[in-house]
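Chemist: Sharing a structure here in structure tokens format.
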Amino acid sequence: MTLTFTRDLDSKRYILRPRGSDPLHVRRGAPDGRPLPEGYKPRFTIAADAGGGPPLAVVVRKGDRRLAVLTPEHELLAELRLPPRKKRWRRLYEIHLPDGTVLHGREGTVPSLLLCLLLLPLALLYLVGLAVSDMDAPDFSAPLRTAWKRQGASFGRVAMTESVRGRFRVRDDGLDHRVAYAQAVAKYWKG
């Protein structure tokens with residue numbers, strides 16, 4: 001069975017909505033009353049309820065553009081490495097698991113890049129129509145997917161994918177769900 005979830009920015013907080021189960025809430029900082037290991041700076045906590053009940057995972061800053069995903073007992077689940085702040089064409093997200101496995105997630109899979117090329121004439125026609133009609137252009141980006149695969153496995157099985165519409169899919173044998181939730185939030189976190 002595959003875990004499918006979406007992320008919402010509901011007013012001032014993130015909510016993860018797994019299909020077929022209760023929503024998960026993302027709160028800024030560490031859970032109340034739970035100290036963190038020395039040297040870690042809290043980023044956000046993923047919990048089952050909005051009141052800050054028992055956390056599923058705590059994400060802390062480990063270094064520059066590096067985050068550690070910890071269990072509530074401070075066991076390491078994974079290390080997330082985010083791309084540089086400068087916008088690059090195909091950003092690279094990395095998930096380093098404790099067993100040494102590295103998952104690379106590049107924005108823009110081959111099928112999504114081909115779809116982008118096919119839709120380019122329509123997008124240009126749309127932009128010309130907006131320019132002629134004197135309407136404000138909405139903020140949109142290229143329809144690119146992101147797929148997290150094992151390092152060096154170009155055609156291997158995908159552990160996690162993000163669709164164009166922001167839906168994440170995780171195979172049961174591919175990745176711990178708490179790590180997938182943390183990566184989904186960390187990719188878009190602005191705090």
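Residue numbers start at 1 in each chain; chains themselves are named A, B, ... in the order of the structure tokens; ligands are numbered from 1 in the order shown.
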Excluding A:Gly29 and residues on its chain fewer than 4 positions from it, collect all residues at most 6 Å away from it, counting only C-alpha atoms, and give them as a list in words.

Modeler: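 Those residues are Pro42, Arg43 and Phe44 of chain A.
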
Chemist: Selection from above, all heavy atoms, as an mmCIF file, in the first residue's frame, can you write it?

Modeler:
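Final file, again_21.cif:
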```cif
data_model
loop_
_atom_site.group_PDB
_atom_site.id
_atom_site.type_symbol
_atom_site.label_atom_id
_atom_site.label_comp_id
_atom_site.auth_asym_id
_atom_site.auth_seq_id
_atom_site.Cartn_x
_atom_site.Cartn_y
_atom_site.Cartn_z
ATOM 1 N N PRO A 42 16.028 23.953 17.147
ATOM 2 C CA PRO A 42 14.733 23.450 16.687
ATOM 3 C C PRO A 42 14.230 24.175 15.452
ATOM 4 O O PRO A 42 14.407 25.380 15.314
ATOM 5 C CB PRO A 42 13.817 23.703 17.882
ATOM 6 C CG PRO A 42 14.465 24.796 18.645
ATOM 7 C CD PRO A 42 15.939 24.665 18.418
ATOM 8 N N ARG A 43 13.615 23.432 14.539
ATOM 9 C CA ARG A 43 12.978 23.999 13.348
ATOM 10 C C ARG A 43 11.461 23.847 13.440
ATOM 11 O O ARG A 43 10.757 24.810 13.545
ATOM 12 C CB ARG A 43 13.435 23.274 12.080
ATOM 13 C CG ARG A 43 14.743 23.662 11.531
ATOM 14 C CD ARG A 43 14.730 25.032 10.980
ATOM 15 N NE ARG A 43 14.492 25.013 9.553
ATOM 16 C CZ ARG A 43 14.588 26.054 8.790
ATOM 17 N NH1 ARG A 43 14.896 27.193 9.297
ATOM 18 N NH2 ARG A 43 14.353 25.971 7.512
ATOM 19 N N PHE A 44 10.994 22.581 13.385
ATOM 20 C CA PHE A 44 9.559 22.341 13.477
ATOM 21 C C PHE A 44 9.294 20.942 13.995
ATOM 22 O O PHE A 44 10.175 20.090 14.009
ATOM 23 C CB PHE A 44 8.849 22.571 12.137
ATOM 24 C CG PHE A 44 9.350 21.757 10.982
ATOM 25 C CD1 PHE A 44 8.844 20.483 10.733
ATOM 26 C CD2 PHE A 44 10.300 22.258 10.124
ATOM 27 C CE1 PHE A 44 9.291 19.740 9.660
ATOM 28 C CE2 PHE A 44 10.753 21.523 9.039
ATOM 29 C CZ PHE A 44 10.244 20.255 8.814
#
```

Chemist: Write out as a list in words all residues of stretch 41-167 of chain A that backbone DSSP assigns to helix (DSSP H, G or I).

Modeler: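 Restricting stretch 41-167 of chain A to helix (DSSP H, G or I) produces Val110, Pro111, Ser112, Leu113, Leu114, Leu115, Cys116, Leu117, Leu118, Leu119, Leu120, Pro121, Leu122, Ala123, Leu124, Leu125, Tyr126, Leu127, Val128, Gly129, Leu130, Ala131, Val132 and Ser133 of chain A.
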
Chemist: Residues as selected, C-alpha atoms, written as a PDB file, in the first residue's frame, can you do that?

Modeler:
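Result written to part_25.pdb:
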```pdb
ATOM      1  CA  VAL A 110      12.095  13.489 -17.698  1.00  0.00           C
ATOM      2  CA  PRO A 111       8.319  13.055 -18.265  1.00  0.00           C
ATOM      3  CA  SER A 112       7.526  16.352 -16.533  1.00  0.00           C
ATOM      4  CA  LEU A 113      10.185  18.181 -18.558  1.00  0.00           C
ATOM      5  CA  LEU A 114       8.720  16.766 -21.775  1.00  0.00           C
ATOM      6  CA  LEU A 115       5.253  17.883 -20.681  1.00  0.00           C
ATOM      7  CA  CYS A 116       6.678  21.356 -20.029  1.00  0.00           C
ATOM      8  CA  LEU A 117       8.058  21.504 -23.554  1.00  0.00           C
ATOM      9  CA  LEU A 118       4.742  20.389 -25.031  1.00  0.00           C
ATOM     10  CA  LEU A 119       2.811  23.036 -23.063  1.00  0.00           C
ATOM     11  CA  LEU A 120       5.264  25.851 -23.804  1.00  0.00           C
ATOM     12  CA  PRO A 121       3.420  27.147 -26.923  1.00  0.00           C
ATOM     13  CA  LEU A 122       0.143  27.299 -24.973  1.00  0.00           C
ATOM     14  CA  ALA A 123       1.836  29.119 -22.086  1.00  0.00           C
ATOM     15  CA  LEU A 124       3.336  31.671 -24.454  1.00  0.00           C
ATOM     16  CA  LEU A 125      -0.051  32.186 -26.123  1.00  0.00           C
ATOM     17  CA  TYR A 126      -1.594  32.674 -22.670  1.00  0.00           C
ATOM     18  CA  LEU A 127       1.049  35.265 -21.717  1.00  0.00           C
ATOM     19  CA  VAL A 128       0.498  37.169 -24.963  1.00  0.00           C
ATOM     20  CA  GLY A 129      -3.253  37.162 -24.255  1.00  0.00           C
ATOM     21  CA  LEU A 130      -2.615  38.561 -20.770  1.00  0.00           C
ATOM     22  CA  ALA A 131      -0.374  41.299 -22.173  1.00  0.00           C
ATOM     23  CA  VAL A 132      -2.979  42.328 -24.747  1.00  0.00           C
ATOM     24  CA  SER A 133      -5.879  42.273 -22.268  1.00  0.00           C
TER      25      SER A 133
END
```

Chemist: Run DSSP on the backbone and grab whatever in stretch 22-85 of chain A lands in strand (DSSP E or B); send it over as an NGL selection string.

Modeler: :A and (24-28 or 41-47 or 55-63 or 66-70 or 76-81)

Chemist: At what distance in Å, to one decimal, does atom CA of A:Arg145 lie from atom CA of A:Leu175?

Modeler: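 About the pair atom CA of A:Leu175 and atom CA of A:Arg145: they are 18.1 Å apart.
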
Chemist: Need the shell around stretch 57-64 of chain A: protein/DNA/RNA residues with any atom at most 7 Å away, counting only C-alpha atoms. Skip same-chain ones fewer than 2 positions apart. Format as number ranges by chain?

Modeler: A: 30, 40-46, 55, 66-72, 178

Chemist: I need the residues from that last selection saved to file as a CSV table (one decimal), in the first residue's frame (with all heavy atoms), if you can.

Modeler:
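Ended up saving to out30.csv:
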```csv
chain,number,residue,atom,x,y,z
A,30,ALA,N,10.4,23.3,18.9
A,30,ALA,CA,10.4,21.9,19.5
A,30,ALA,C,9.2,21.8,20.4
A,30,ALA,O,8.6,22.8,20.8
A,30,ALA,CB,11.7,21.8,20.4
A,40,TYR,N,21.8,21.2,18.8
A,40,TYR,CA,20.7,21.3,17.8
A,40,TYR,C,19.8,22.5,18.0
A,40,TYR,O,19.5,22.8,19.1
A,40,TYR,CB,19.8,20.0,17.9
A,40,TYR,CG,20.5,18.8,17.3
A,40,TYR,CD1,20.5,17.6,18.1
A,40,TYR,CD2,21.1,18.7,16.1
A,40,TYR,CE1,21.0,16.4,17.6
A,40,TYR,CE2,21.6,17.6,15.6
A,40,TYR,CZ,21.6,16.4,16.4
A,40,TYR,OH,22.2,15.3,15.9
A,41,LYS,N,19.4,23.1,16.9
A,41,LYS,CA,18.5,24.2,17.0
A,41,LYS,C,17.1,23.8,16.4
A,41,LYS,O,17.1,23.2,15.3
A,41,LYS,CB,19.0,25.4,16.1
A,41,LYS,CG,20.3,25.9,16.6
A,41,LYS,CD,20.8,27.0,15.7
A,41,LYS,CE,22.2,27.5,16.2
A,41,LYS,NZ,22.8,28.4,15.2
A,42,PRO,N,16.0,24.0,17.1
A,42,PRO,CA,14.7,23.4,16.7
A,42,PRO,C,14.2,24.2,15.5
A,42,PRO,O,14.4,25.4,15.3
A,42,PRO,CB,13.8,23.7,17.9
A,42,PRO,CG,14.5,24.8,18.6
A,42,PRO,CD,15.9,24.7,18.4
A,43,ARG,N,13.6,23.4,14.5
A,43,ARG,CA,13.0,24.0,13.3
A,43,ARG,C,11.5,23.8,13.4
A,43,ARG,O,10.8,24.8,13.5
A,43,ARG,CB,13.4,23.3,12.1
A,43,ARG,CG,14.7,23.7,11.5
A,43,ARG,CD,14.7,25.0,11.0
A,43,ARG,NE,14.5,25.0,9.6
A,43,ARG,CZ,14.6,26.1,8.8
A,43,ARG,NH1,14.9,27.2,9.3
A,43,ARG,NH2,14.4,26.0,7.5
A,44,PHE,N,11.0,22.6,13.4
A,44,PHE,CA,9.6,22.3,13.5
A,44,PHE,C,9.3,20.9,14.0
A,44,PHE,O,10.2,20.1,14.0
A,44,PHE,CB,8.8,22.6,12.1
A,44,PHE,CG,9.4,21.8,11.0
A,44,PHE,CD1,8.8,20.5,10.7
A,44,PHE,CD2,10.3,22.3,10.1
A,44,PHE,CE1,9.3,19.7,9.7
A,44,PHE,CE2,10.8,21.5,9.0
A,44,PHE,CZ,10.2,20.3,8.8
A,45,THR,N,8.0,20.7,14.4
A,45,THR,CA,7.6,19.5,15.0
A,45,THR,C,6.4,19.0,14.2
A,45,THR,O,5.5,19.8,14.0
A,45,THR,CB,7.2,19.6,16.5
A,45,THR,OG1,8.4,20.1,17.2
A,45,THR,CG2,6.8,18.3,17.1
A,46,ILE,N,6.3,17.7,13.9
A,46,ILE,CA,5.1,17.1,13.3
A,46,ILE,C,4.4,16.4,14.4
A,46,ILE,O,5.0,15.5,15.0
A,46,ILE,CB,5.5,16.2,12.1
A,46,ILE,CG1,6.3,17.0,11.1
A,46,ILE,CG2,4.3,15.6,11.5
A,46,ILE,CD1,7.0,16.2,10.0
A,55,PRO,N,4.5,14.3,19.7
A,55,PRO,CA,5.1,14.5,18.4
A,55,PRO,C,5.4,13.2,17.7
A,55,PRO,O,5.7,12.2,18.4
A,55,PRO,CB,6.3,15.3,18.7
A,55,PRO,CG,6.7,14.9,20.0
A,55,PRO,CD,5.4,14.6,20.8
A,66,ARG,N,21.3,21.8,6.4
A,66,ARG,CA,21.2,20.4,6.8
A,66,ARG,C,20.2,20.4,8.0
A,66,ARG,O,20.4,21.1,9.0
A,66,ARG,CB,22.5,19.9,7.2
A,66,ARG,CG,23.5,19.8,6.0
A,66,ARG,CD,24.9,19.3,6.4
A,66,ARG,NE,24.9,18.5,7.7
A,66,ARG,CZ,26.0,18.4,8.4
A,66,ARG,NH1,27.1,19.0,8.1
A,66,ARG,NH2,26.0,17.7,9.5
A,67,LEU,N,19.3,19.4,7.9
A,67,LEU,CA,18.3,19.2,8.9
A,67,LEU,C,18.3,17.8,9.4
A,67,LEU,O,18.5,16.9,8.6
A,67,LEU,CB,16.9,19.6,8.4
A,67,LEU,CG,16.6,21.0,7.9
A,67,LEU,CD1,15.2,21.1,7.3
A,67,LEU,CD2,16.8,22.0,9.0
A,68,ALA,N,18.1,17.5,10.7
A,68,ALA,CA,18.0,16.2,11.2
A,68,ALA,C,16.6,15.9,11.6
A,68,ALA,O,15.9,16.7,12.2
A,68,ALA,CB,19.0,16.0,12.4
A,69,VAL,N,16.1,14.7,11.2
A,69,VAL,CA,14.8,14.3,11.6
A,69,VAL,C,14.9,13.3,12.7
A,69,VAL,O,15.6,12.3,12.5
A,69,VAL,CB,14.0,13.6,10.4
A,69,VAL,CG1,12.6,13.2,10.8
A,69,VAL,CG2,14.0,14.5,9.1
A,70,LEU,N,14.4,13.7,13.9
A,70,LEU,CA,14.5,12.9,15.1
A,70,LEU,C,13.2,12.3,15.5
A,70,LEU,O,12.1,12.9,15.3
A,70,LEU,CB,15.1,13.7,16.2
A,70,LEU,CG,16.4,14.5,15.9
A,70,LEU,CD1,16.7,15.4,17.1
A,70,LEU,CD2,17.5,13.5,15.7
A,71,THR,N,13.2,11.2,16.2
A,71,THR,CA,12.0,10.6,16.9
A,71,THR,C,11.8,11.5,18.1
A,71,THR,O,12.7,12.2,18.5
A,71,THR,CB,12.2,9.2,17.2
A,71,THR,OG1,13.3,9.1,18.2
A,71,THR,CG2,12.5,8.3,16.0
A,72,PRO,N,10.7,11.3,18.8
A,72,PRO,CA,10.5,12.0,20.1
A,72,PRO,C,11.6,11.7,21.1
A,72,PRO,O,11.9,12.4,22.0
A,72,PRO,CB,9.1,11.6,20.5
A,72,PRO,CG,8.4,11.3,19.3
A,72,PRO,CD,9.5,10.7,18.4
A,178,ARG,N,7.5,9.3,8.5
A,178,ARG,CA,7.9,10.6,9.3
A,178,ARG,C,9.0,11.3,8.5
A,178,ARG,O,8.9,12.6,8.5
A,178,ARG,CB,8.4,10.2,10.7
A,178,ARG,CG,7.3,9.6,11.5
A,178,ARG,CD,7.8,9.0,12.8
A,178,ARG,NE,8.7,7.9,12.5
A,178,ARG,CZ,9.2,7.2,13.5
A,178,ARG,NH1,9.0,7.4,14.7
A,178,ARG,NH2,10.0,6.1,13.2
```

Chemist: Pick out the residues sitting within 8 Å of A:Phe168, and hand them over as a list of chain:residue names; count only C-alpha atoms, and ignore anything fewer than 3 positions along from it in its own chain.

Modeler: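 What passes the distance filter is A:Thr4, A:Phe5, A:Thr6, A:Met160, A:Thr161, A:Glu162, A:Ser163, A:Ala184.
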
Chemist: Can you work out which one of A:Asp49, A:Glu75, A:Glu94, A:Asp32 has the shortest atom-to-atom distance to A:Tyr14, counting only C-alpha atoms?

Modeler: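 Among the listed residues, the smallest separation from A:Tyr14 belongs to A:Asp49.
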